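> Just one file: my_file_9.pdb, with PDB, C-alpha atoms.
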```pdb
MODEL        1
ATOM      1  CA  MET A 183      25.908   0.698  13.258  1.00  0.00           C
ATOM      2  CA  LYS A 184      23.430   3.264  14.553  1.00  0.00           C
ATOM      3  CA  MET A 185      20.213   3.107  12.544  1.00  0.00           C
ATOM      4  CA  GLN A 186      18.292   6.275  11.806  1.00  0.00           C
ATOM      5  CA  ILE A 187      15.927   6.500   8.872  1.00  0.00           C
ATOM      6  CA  ASP A 188      16.048   9.863   7.133  1.00  0.00           C
ATOM      7  CA  PHE A 189      14.087  10.637   3.976  1.00  0.00           C
ATOM      8  CA  THR A 190      15.016  14.293   3.777  1.00  0.00           C
ATOM      9  CA  GLY A 191      14.676  15.416   0.176  1.00  0.00           C
ATOM     10  CA  LYS A 192      13.244  12.097  -0.995  1.00  0.00           C
ATOM     11  CA  ARG A 193      10.219  12.269  -3.279  1.00  0.00           C
ATOM     12  CA  VAL A 194       7.437   9.835  -2.422  1.00  0.00           C
ATOM     13  CA  LEU A 195       4.110   8.957  -4.050  1.00  0.00           C
ATOM     14  CA  VAL A 196       1.580   7.067  -1.914  1.00  0.00           C
ATOM     15  CA  THR A 197      -1.576   5.667  -3.499  1.00  0.00           C
ATOM     16  CA  GLY A 198      -4.625   4.858  -1.408  1.00  0.00           C
ATOM     17  CA  GLY A 199      -4.563   7.982   0.726  1.00  0.00           C
ATOM     18  CA  SER A 200      -8.175   7.417   1.742  1.00  0.00           C
ATOM     19  CA  SER A 201      -7.262   4.211   3.596  1.00  0.00           C
ATOM     20  CA  PRO A 202      -5.918   4.095   7.167  1.00  0.00           C
ATOM     21  CA  ILE A 203      -2.574   2.684   6.053  1.00  0.00           C
ATOM     22  CA  GLY A 204      -2.252   5.137   3.161  1.00  0.00           C
ATOM     23  CA  ARG A 205      -2.786   8.075   5.492  1.00  0.00           C
ATOM     24  CA  ALA A 206      -0.400   6.729   8.094  1.00  0.00           C
ATOM     25  CA  VAL A 207       2.303   6.006   5.527  1.00  0.00           C
ATOM     26  CA  ALA A 208       2.056   9.503   4.061  1.00  0.00           C
ATOM     27  CA  ALA A 209       2.283  10.978   7.577  1.00  0.00           C
ATOM     28  CA  ALA A 210       5.330   8.838   8.408  1.00  0.00           C
ATOM     29  CA  TYR A 211       7.262   9.882   5.307  1.00  0.00           C
ATOM     30  CA  LEU A 212       6.469  13.527   6.015  1.00  0.00           C
ATOM     31  CA  GLU A 213       7.651  13.109   9.600  1.00  0.00           C
ATOM     32  CA  HIS A 214      10.943  11.677   8.328  1.00  0.00           C
ATOM     33  CA  GLY A 215      11.645  14.575   5.983  1.00  0.00           C
ATOM     34  CA  ALA A 216      10.254  13.461   2.617  1.00  0.00           C
ATOM     35  CA  VAL A 217       8.179  15.493   0.215  1.00  0.00           C
ATOM     36  CA  VAL A 218       5.043  13.476  -0.431  1.00  0.00           C
ATOM     37  CA  ALA A 219       2.321  13.233  -3.032  1.00  0.00           C
ATOM     38  CA  VAL A 220      -0.684  11.168  -2.011  1.00  0.00           C
ATOM     39  CA  GLN A 221      -3.504   9.954  -4.252  1.00  0.00           C
ATOM     40  CA  VAL A 222      -7.072  10.337  -3.020  1.00  0.00           C
ATOM     41  CA  PRO A 223     -10.370   9.682  -4.850  1.00  0.00           C
ATOM     42  CA  SER A 224     -12.134  12.975  -4.085  1.00  0.00           C
ATOM     43  CA  GLN A 225     -11.549  16.663  -3.457  1.00  0.00           C
ATOM     44  CA  SER A 226     -13.187  16.456  -0.035  1.00  0.00           C
ATOM     45  CA  LEU A 227     -10.698  13.810   1.070  1.00  0.00           C
ATOM     46  CA  SER A 228      -7.876  15.900  -0.330  1.00  0.00           C
ATOM     47  CA  GLU A 229      -8.927  18.839   1.823  1.00  0.00           C
ATOM     48  CA  GLU A 230      -9.390  16.596   4.853  1.00  0.00           C
ATOM     49  CA  LEU A 231      -5.940  15.073   4.492  1.00  0.00           C
ATOM     50  CA  SER A 232      -4.251  18.448   4.013  1.00  0.00           C
ATOM     51  CA  LYS A 233      -5.765  19.646   7.287  1.00  0.00           C
ATOM     52  CA  GLU A 234      -5.113  16.424   9.160  1.00  0.00           C
ATOM     53  CA  LEU A 235      -1.439  15.783   8.444  1.00  0.00           C
ATOM     54  CA  ALA A 236       1.480  17.640   9.967  1.00  0.00           C
ATOM     55  CA  HIS A 237       4.136  19.124   7.652  1.00  0.00           C
ATOM     56  CA  ALA A 238       1.379  19.839   5.107  1.00  0.00           C
ATOM     57  CA  GLU A 239       3.687  22.289   3.341  1.00  0.00           C
ATOM     58  CA  LYS A 240       5.559  19.232   2.019  1.00  0.00           C
ATOM     59  CA  LEU A 241       2.355  17.431   0.986  1.00  0.00           C
ATOM     60  CA  THR A 242       0.619  17.375  -2.390  1.00  0.00           C
ATOM     61  CA  CYS A 243      -2.786  15.695  -2.599  1.00  0.00           C
ATOM     62  CA  ILE A 244      -3.706  14.418  -6.046  1.00  0.00           C
ATOM     63  CA  VAL A 245      -7.334  13.616  -6.814  1.00  0.00           C
ATOM     64  CA  GLY A 246      -7.598  10.699  -9.213  1.00  0.00           C
ATOM     65  CA  ASP A 247      -9.237   7.349  -9.921  1.00  0.00           C
ATOM     66  CA  ILE A 248      -6.507   4.725 -10.194  1.00  0.00           C
ATOM     67  CA  SER A 249      -8.935   1.917 -11.007  1.00  0.00           C
ATOM     68  CA  GLU A 250      -8.634   3.216 -14.573  1.00  0.00           C
ATOM     69  CA  VAL A 251      -5.394   3.227 -16.580  1.00  0.00           C
ATOM     70  CA  SER A 252      -5.865   6.866 -17.567  1.00  0.00           C
ATOM     71  CA  GLY A 253      -6.229   7.761 -13.895  1.00  0.00           C
ATOM     72  CA  CYS A 254      -3.034   5.899 -12.992  1.00  0.00           C
ATOM     73  CA  ARG A 255      -1.094   7.783 -15.645  1.00  0.00           C
ATOM     74  CA  ALA A 256      -2.535  11.156 -14.659  1.00  0.00           C
ATOM     75  CA  VAL A 257      -1.777  10.665 -10.947  1.00  0.00           C
ATOM     76  CA  VAL A 258       1.815   9.578 -11.566  1.00  0.00           C
ATOM     77  CA  ASP A 259       2.461  12.343 -14.097  1.00  0.00           C
ATOM     78  CA  THR A 260       1.148  14.950 -11.677  1.00  0.00           C
ATOM     79  CA  ALA A 261       3.240  13.538  -8.825  1.00  0.00           C
ATOM     80  CA  VAL A 262       6.420  13.574 -10.902  1.00  0.00           C
ATOM     81  CA  GLU A 263       5.727  17.137 -11.991  1.00  0.00           C
ATOM     82  CA  LYS A 264       4.937  18.400  -8.490  1.00  0.00           C
ATOM     83  CA  LEU A 265       7.773  16.521  -6.766  1.00  0.00           C
ATOM     84  CA  GLY A 266      10.372  16.996  -9.490  1.00  0.00           C
ATOM     85  CA  GLY A 267      10.853  13.239  -9.858  1.00  0.00           C
ATOM     86  CA  MET A 268      10.248  10.165  -7.740  1.00  0.00           C
ATOM     87  CA  ASP A 269      12.351   8.105  -5.344  1.00  0.00           C
ATOM     88  CA  VAL A 270       9.702   5.916  -3.696  1.00  0.00           C
ATOM     89  CA  LEU A 271       6.355   4.573  -4.893  1.00  0.00           C
ATOM     90  CA  VAL A 272       4.096   3.020  -2.245  1.00  0.00           C
ATOM     91  CA  HIS A 273       0.936   1.247  -3.360  1.00  0.00           C
ATOM     92  CA  ALA A 274      -1.490   1.279  -0.423  1.00  0.00           C
ATOM     93  CA  SER A 275      -4.725   1.187  -2.396  1.00  0.00           C
ATOM     94  CA  GLY A 276      -6.976  -1.810  -2.059  1.00  0.00           C
ATOM     95  CA  PHE A 277     -10.461  -3.316  -2.094  1.00  0.00           C
ATOM     96  CA  ARG A 278     -11.978  -5.475   0.625  1.00  0.00           C
ATOM     97  CA  ALA A 279     -15.445  -6.991   0.703  1.00  0.00           C
ATOM     98  CA  ASP A 280     -17.101  -9.994   2.317  1.00  0.00           C
ATOM     99  CA  ILE A 281     -18.305 -11.984  -0.699  1.00  0.00           C
ATOM    100  CA  LYS A 282     -18.651 -15.758  -0.779  1.00  0.00           C
ATOM    101  CA  PHE A 283     -17.087 -17.432  -3.813  1.00  0.00           C
ATOM    102  CA  GLU A 284     -20.432 -18.656  -5.139  1.00  0.00           C
ATOM    103  CA  ASP A 285     -21.852 -15.119  -4.934  1.00  0.00           C
ATOM    104  CA  VAL A 286     -19.012 -13.273  -6.700  1.00  0.00           C
ATOM    105  CA  THR A 287     -20.211 -11.207  -9.666  1.00  0.00           C
ATOM    106  CA  PRO A 288     -18.172  -9.859 -12.587  1.00  0.00           C
ATOM    107  CA  GLU A 289     -18.590  -6.416 -11.020  1.00  0.00           C
ATOM    108  CA  ASP A 290     -17.108  -7.641  -7.716  1.00  0.00           C
ATOM    109  CA  TRP A 291     -14.157  -9.141  -9.569  1.00  0.00           C
ATOM    110  CA  ASP A 292     -13.557  -5.966 -11.572  1.00  0.00           C
ATOM    111  CA  ALA A 293     -13.712  -3.815  -8.436  1.00  0.00           C
ATOM    112  CA  ALA A 294     -11.202  -6.007  -6.604  1.00  0.00           C
ATOM    113  CA  ILE A 295      -8.743  -6.340  -9.466  1.00  0.00           C
ATOM    114  CA  ASN A 296      -9.032  -2.777 -10.760  1.00  0.00           C
ATOM    115  CA  GLY A 297      -8.544  -1.211  -7.344  1.00  0.00           C
ATOM    116  CA  THR A 298      -5.515  -3.333  -6.464  1.00  0.00           C
ATOM    117  CA  PHE A 299      -3.644  -5.252  -9.149  1.00  0.00           C
ATOM    118  CA  LYS A 300      -4.553  -3.016 -12.095  1.00  0.00           C
ATOM    119  CA  ALA A 301      -3.842   0.148 -10.098  1.00  0.00           C
ATOM    120  CA  ALA A 302      -0.459  -1.079  -8.918  1.00  0.00           C
ATOM    121  CA  THR A 303       0.504  -2.363 -12.370  1.00  0.00           C
ATOM    122  CA  PHE A 304      -0.179   0.801 -14.309  1.00  0.00           C
ATOM    123  CA  CYS A 305       0.980   3.273 -11.673  1.00  0.00           C
ATOM    124  CA  THR A 306       4.307   1.441 -11.528  1.00  0.00           C
ATOM    125  CA  GLN A 307       4.545   1.230 -15.293  1.00  0.00           C
ATOM    126  CA  ARG A 308       4.081   4.983 -15.581  1.00  0.00           C
ATOM    127  CA  ALA A 309       6.573   5.718 -12.797  1.00  0.00           C
ATOM    128  CA  LEU A 310       9.384   3.524 -14.138  1.00  0.00           C
ATOM    129  CA  GLY A 311      11.214   6.273 -16.004  1.00  0.00           C
ATOM    130  CA  SER A 312      11.489   8.415 -12.866  1.00  0.00           C
ATOM    131  CA  LEU A 313      12.312   5.463 -10.596  1.00  0.00           C
ATOM    132  CA  LYS A 314      15.091   4.317 -12.922  1.00  0.00           C
ATOM    133  CA  GLN A 315      16.589   7.810 -12.922  1.00  0.00           C
ATOM    134  CA  SER A 316      16.632   7.933  -9.120  1.00  0.00           C
ATOM    135  CA  ARG A 317      17.422   4.212  -8.703  1.00  0.00           C
ATOM    136  CA  GLY A 318      14.441   4.265  -6.401  1.00  0.00           C
ATOM    137  CA  ASN A 319      12.140   1.606  -5.082  1.00  0.00           C
ATOM    138  CA  ILE A 320       8.596   0.309  -4.862  1.00  0.00           C
ATOM    139  CA  VAL A 321       6.720  -0.960  -1.827  1.00  0.00           C
ATOM    140  CA  ASN A 322       3.511  -2.850  -2.567  1.00  0.00           C
ATOM    141  CA  VAL A 323       1.104  -3.186   0.352  1.00  0.00           C
ATOM    142  CA  ALA A 324      -1.034  -6.335   0.445  1.00  0.00           C
ATOM    143  CA  THR A 325      -2.617  -8.435   3.177  1.00  0.00           C
ATOM    144  CA  ASN A 326      -1.644 -11.823   4.555  1.00  0.00           C
ATOM    145  CA  LEU A 327      -4.550 -13.292   2.558  1.00  0.00           C
ATOM    146  CA  GLY A 328      -2.319 -12.963  -0.484  1.00  0.00           C
ATOM    147  CA  LEU A 329      -0.277 -15.775   1.062  1.00  0.00           C
ATOM    148  CA  MET A 330      -2.882 -17.957   2.756  1.00  0.00           C
ATOM    149  CA  GLY A 331      -6.548 -18.878   2.892  1.00  0.00           C
ATOM    150  CA  GLY A 332      -8.947 -16.879   5.001  1.00  0.00           C
ATOM    151  CA  PRO A 333     -12.575 -16.323   5.956  1.00  0.00           C
ATOM    152  CA  THR A 334     -15.262 -17.624   3.602  1.00  0.00           C
ATOM    153  CA  GLY A 335     -15.858 -14.271   1.979  1.00  0.00           C
ATOM    154  CA  SER A 336     -12.230 -13.562   1.134  1.00  0.00           C
ATOM    155  CA  SER A 337     -11.860 -15.377  -2.179  1.00  0.00           C
ATOM    156  CA  VAL A 338     -11.738 -12.360  -4.496  1.00  0.00           C
ATOM    157  CA  HIS A 339      -9.700 -10.279  -2.072  1.00  0.00           C
ATOM    158  CA  SER A 340      -7.220 -13.137  -1.567  1.00  0.00           C
ATOM    159  CA  ALA A 341      -6.798 -13.587  -5.318  1.00  0.00           C
ATOM    160  CA  ALA A 342      -6.144  -9.871  -5.795  1.00  0.00           C
ATOM    161  CA  MET A 343      -3.626  -9.805  -2.944  1.00  0.00           C
ATOM    162  CA  GLY A 344      -1.840 -12.877  -4.294  1.00  0.00           C
ATOM    163  CA  SER A 345      -1.484 -11.028  -7.597  1.00  0.00           C
ATOM    164  CA  ILE A 346       0.197  -8.124  -5.786  1.00  0.00           C
ATOM    165  CA  VAL A 347       2.619 -10.469  -4.005  1.00  0.00           C
ATOM    166  CA  ASN A 348       3.745 -12.200  -7.169  1.00  0.00           C
ATOM    167  CA  MET A 349       3.846  -8.996  -9.188  1.00  0.00           C
ATOM    168  CA  THR A 350       6.335  -7.751  -6.593  1.00  0.00           C
ATOM    169  CA  ARG A 351       8.613 -10.706  -7.283  1.00  0.00           C
ATOM    170  CA  MET A 352       8.378 -10.224 -11.034  1.00  0.00           C
ATOM    171  CA  GLU A 353       9.129  -6.497 -10.680  1.00  0.00           C
ATOM    172  CA  ALA A 354      12.214  -7.362  -8.667  1.00  0.00           C
ATOM    173  CA  LEU A 355      13.456  -9.761 -11.343  1.00  0.00           C
ATOM    174  CA  ARG A 356      12.851  -7.295 -14.162  1.00  0.00           C
ATOM    175  CA  LEU A 357      13.909  -4.028 -12.548  1.00  0.00           C
ATOM    176  CA  GLY A 358      16.971  -5.036 -10.552  1.00  0.00           C
ATOM    177  CA  VAL A 359      19.197  -4.419 -13.575  1.00  0.00           C
ATOM    178  CA  ASP A 360      17.974  -0.806 -13.544  1.00  0.00           C
ATOM    179  CA  GLY A 361      18.747  -0.377  -9.859  1.00  0.00           C
ATOM    180  CA  VAL A 362      15.067  -0.319  -8.845  1.00  0.00           C
ATOM    181  CA  ARG A 363      13.992  -2.449  -5.874  1.00  0.00           C
ATOM    182  CA  SER A 364      10.473  -3.826  -5.297  1.00  0.00           C
ATOM    183  CA  ASN A 365       9.281  -5.353  -2.023  1.00  0.00           C
ATOM    184  CA  CYS A 366       5.945  -6.223  -0.453  1.00  0.00           C
ATOM    185  CA  LEU A 367       4.465  -5.761   3.024  1.00  0.00           C
ATOM    186  CA  CYS A 368       1.593  -8.125   3.876  1.00  0.00           C
ATOM    187  CA  HIS A 369      -0.394  -7.075   6.936  1.00  0.00           C
ATOM    188  CA  GLY A 370      -3.168  -8.622   8.994  1.00  0.00           C
ATOM    189  CA  ALA A 371      -6.353  -7.136  10.413  1.00  0.00           C
ATOM    190  CA  ILE A 372      -5.921  -3.430  11.179  1.00  0.00           C
ATOM    191  CA  GLU A 373      -7.813  -1.854  14.066  1.00  0.00           C
ATOM    192  CA  GLU A 374      -8.442   1.458  12.334  1.00  0.00           C
ATOM    193  CA  SER A 375     -10.057  -0.308   9.360  1.00  0.00           C
ATOM    194  CA  ILE A 376     -12.308  -2.367  11.610  1.00  0.00           C
ATOM    195  CA  SER A 377     -13.527   0.782  13.349  1.00  0.00           C
ATOM    196  CA  GLY A 378     -14.444   2.287   9.987  1.00  0.00           C
ATOM    197  CA  TRP A 379     -11.681   4.838   9.348  1.00  0.00           C
ATOM    198  CA  GLY A 380     -11.225   5.048   5.590  1.00  0.00           C
ATOM    199  CA  VAL A 381     -13.447   4.039   2.687  1.00  0.00           C
ATOM    200  CA  GLY A 382     -14.525   0.759   1.164  1.00  0.00           C
ATOM    201  CA  ALA A 383     -16.209  -2.313   2.606  1.00  0.00           C
ATOM    202  CA  GLU A 384     -14.439  -4.277   5.311  1.00  0.00           C
ATOM    203  CA  LEU A 385     -14.965  -7.762   6.660  1.00  0.00           C
ATOM    204  CA  PRO A 386     -17.429  -7.759   9.581  1.00  0.00           C
ATOM    205  CA  ALA A 387     -15.813  -6.923  12.908  1.00  0.00           C
ATOM    206  CA  SER A 388     -17.294 -10.121  14.358  1.00  0.00           C
ATOM    207  CA  ALA A 389     -15.316 -12.233  11.879  1.00  0.00           C
ATOM    208  CA  LEU A 390     -12.125 -10.334  12.586  1.00  0.00           C
ATOM    209  CA  ASN A 391     -12.635 -10.552  16.347  1.00  0.00           C
ATOM    210  CA  GLY A 392     -12.760 -14.321  16.014  1.00  0.00           C
ATOM    211  CA  GLU A 393      -9.209 -14.251  14.673  1.00  0.00           C
ATOM    212  CA  LEU A 394      -7.903 -12.972  18.000  1.00  0.00           C
ATOM    213  CA  LYS A 395      -8.286 -16.456  19.451  1.00  0.00           C
ATOM    214  CA  VAL A 396      -5.757 -17.832  16.963  1.00  0.00           C
ATOM    215  CA  ARG A 397      -3.282 -14.961  16.736  1.00  0.00           C
ATOM    216  CA  PRO A 398      -0.194 -15.364  18.965  1.00  0.00           C
ATOM    217  CA  ILE A 399       0.088 -11.677  19.850  1.00  0.00           C
ATOM    218  CA  GLY A 400      -3.610 -11.625  20.746  1.00  0.00           C
ATOM    219  CA  ARG A 401      -4.662  -8.275  19.317  1.00  0.00           C
ATOM    220  CA  HIS A 402      -5.450  -6.598  16.033  1.00  0.00           C
ATOM    221  CA  GLY A 403      -2.731  -4.625  14.304  1.00  0.00           C
ATOM    222  CA  ARG A 404      -2.591  -0.847  14.211  1.00  0.00           C
ATOM    223  CA  VAL A 405      -1.304   1.395  11.468  1.00  0.00           C
ATOM    224  CA  ASP A 406       1.696   2.220  13.652  1.00  0.00           C
ATOM    225  CA  ASP A 407       2.624  -1.482  13.515  1.00  0.00           C
ATOM    226  CA  ILE A 408       2.715  -1.355   9.717  1.00  0.00           C
ATOM    227  CA  THR A 409       4.328   1.940   8.727  1.00  0.00           C
ATOM    228  CA  PRO A 410       7.823   1.274  10.176  1.00  0.00           C
ATOM    229  CA  ALA A 411       8.177  -1.834   8.015  1.00  0.00           C
ATOM    230  CA  ILE A 412       7.184   0.111   4.910  1.00  0.00           C
ATOM    231  CA  LEU A 413       9.682   2.861   5.678  1.00  0.00           C
ATOM    232  CA  PHE A 414      12.379   0.271   6.306  1.00  0.00           C
ATOM    233  CA  LEU A 415      11.768  -1.455   2.960  1.00  0.00           C
ATOM    234  CA  SER A 416      12.210   1.841   1.113  1.00  0.00           C
ATOM    235  CA  SER A 417      15.297   2.892   3.089  1.00  0.00           C
ATOM    236  CA  PRO A 418      18.994   2.241   2.451  1.00  0.00           C
ATOM    237  CA  TYR A 419      18.942  -0.328   5.277  1.00  0.00           C
ATOM    238  CA  ALA A 420      17.003  -2.608   2.924  1.00  0.00           C
ATOM    239  CA  GLY A 421      19.339  -1.900   0.027  1.00  0.00           C
ATOM    240  CA  PHE A 422      20.072  -5.609  -0.542  1.00  0.00           C
ATOM    241  CA  MET A 423      16.393  -6.590  -0.382  1.00  0.00           C
ATOM    242  CA  THR A 424      14.247  -6.897  -3.482  1.00  0.00           C
ATOM    243  CA  GLY A 425      11.453  -9.320  -4.241  1.00  0.00           C
ATOM    244  CA  SER A 426      11.033  -9.790  -0.498  1.00  0.00           C
ATOM    245  CA  VAL A 427       7.679 -10.281   1.212  1.00  0.00           C
ATOM    246  CA  ILE A 428       7.506  -9.166   4.836  1.00  0.00           C
ATOM    247  CA  VAL A 429       4.529 -10.292   6.929  1.00  0.00           C
ATOM    248  CA  SER A 430       3.271  -8.142   9.810  1.00  0.00           C
ATOM    249  CA  ASP A 431       0.132  -9.804  11.143  1.00  0.00           C
ATOM    250  CA  GLY A 432       0.679 -10.654  14.798  1.00  0.00           C
ATOM    251  CA  GLY A 433       1.747 -14.200  13.939  1.00  0.00           C
ATOM    252  CA  LYS A 434      -1.394 -15.258  12.057  1.00  0.00           C
ATOM    253  CA  PHE A 435       0.613 -16.434   9.038  1.00  0.00           C
ATOM    254  CA  SER A 436       2.716 -18.678  11.272  1.00  0.00           C
ATOM    255  CA  GLY A 437       0.022 -21.312  10.838  1.00  0.00           C
ATOM    256  CA  CYS A 438      -2.250 -20.702  13.774  1.00  0.00           C
TER     257      CYS A 438
ENDMDL
END
```
Can I see the file as structure tokens?

Amino acid sequence: MKMQIDFTGKRVLVTGGSSPIGRAVAAAYLEHGAVVAVQVPSQSLSEELSKELAHAEKLTCIVGDISEVSGCRAVVDTAVEKLGGMDVLVHASGFRADIKFEDVTPEDWDAAINGTFKAATFCTQRALGSLKQSRGNIVNVATNLGLMGGPTGSSVHSAAMGSIVNMTRMEALRLGVDGVRSNCLCHGAIEESISGWGVGAELPASALNGELKVRPIGRHGRVDDITPAILFLSSPYAGFMTGSVIVSDGGKFSGC
């Protein structure tokens, strides 16, 4: 069987368009023929993204704050209206900060949970009617710290990512009867994030560089390492996959 992924005519919403992965995912779907709506937190980022991405005539940027339930609903409603429905929902929004467990504040916890788990929960909830109609699918993007321990300052981030991983499994169990698939891609350290592309705090580059000594492939990931797996999970080639968690982290999760 010759494999060729084609999303021509498919309607895709990507959250987290201000992040390196969110941008790359939106660009990849556009390149493969989809019409794409992407959520960004500000008008300036919307204008930047519209200029940056090819096939911009098939792109709709939606300014909205998905850390609030009202923002989730507004973004999804606008996407459905602009796209005429929805076939794929990709959650690429997230929060990352270097905070030791003993120093975590309620505000840190709220920021981590609201920007990841809460955003994914209520965006998906709002999109369910459209996804059921199209028998579409969901791809939740997390990090490998949702599956394992990590650097000292990763406690809140790891907890939020673990919530995304297990929410994916529960979505699969609940939504399979409606023909909707839900899968998760867990990635490792991404080069573009380390260099500062995107918004939000990142772990110090020095801490991430230390991981290279214990990663079999011996380099950080790049967004181009991540996007093909996301496209695959939302394609017909993954039609028998739901509740699956794919890890793309250069072998870090192997136990090194």
> What's the 7 Å shell around region 362-366 of chain A, counting only C-alpha atoms, without same-chain residues fewer than 5 positions away, as a ChimeraX atom specification?
/A:313-314,317-323,347,350,353-354,357,415,424-428
> Take CA of Lys192 (chain A) and CA of Asp360 (chain A) and report the distance between them in Å, one decimal.
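For CA of Lys192 (chain A) relative to CA of Asp360 (chain A), the distance reads 18.6 Å.
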> Taking the file as shown, find all residues satisfying the PyMOL selection byres ((chain A and resi 266) around 12) and write them as a ChimeraX atom specification.
/A:191-195,217-219,258-265,267-269,312-313,315-316
> Any chance you could resolve the PyMOL selection byres ((chain A and resi 308) around 10) against this file and give the residues as a list in words?
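Selected by the PyMOL selection byres ((chain A and resi 308) around 10) here: Val251, Cys254, Arg255, Ala256, Val257, Val258, Asp259, Thr303, Phe304, Cys305, Thr306, Gln307, Ala309, Leu310, Gly311, Ser312 and Leu313 of chain A.
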> Just so the selection is clear, what residues does the PyMOL selection byres ((chain A and resi 188) around 7) cover here, as a list of chain:residue names?
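Listing what the PyMOL selection byres ((chain A and resi 188) around 7) selects in the shown file: A:Gln186, A:Ile187, A:Phe189, A:Thr190, A:His214, A:Gly215.
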> Would you please work out which residue, of A:Met185, A:Val207, A:Met343, A:Leu227, is nearest to Ile408 (chain A) when using only C-alpha atoms?
A:Val207
> Which one is closest to Gln225 (chain A): A:Phe414, A:Asn348, A:Cys368, A:Ile244? Count only C-alpha atoms.
A:Ile244
> What is the distance, in Å and to one decimal place, between CA of Asp431 (chain A) and CA of Thr409 (chain A)?
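Those two atoms sit 12.7 Å apart.
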> Would you work out the distance separating CA of Leu413 (chain A) from CA of Phe435 (chain A), expressed in Å to one decimal?
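Interatomic distance, CA of Leu413 (chain A) to CA of Phe435 (chain A): 21.6 Å.
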> Ranking A:Ser200, A:Gly253, A:His273, A:Gly246 by minimum distance to Ser232 (chain A) and counting all atoms listed in the file, which one comes first?
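Smallest distance to Ser232 (chain A) is found for A:Ser200.
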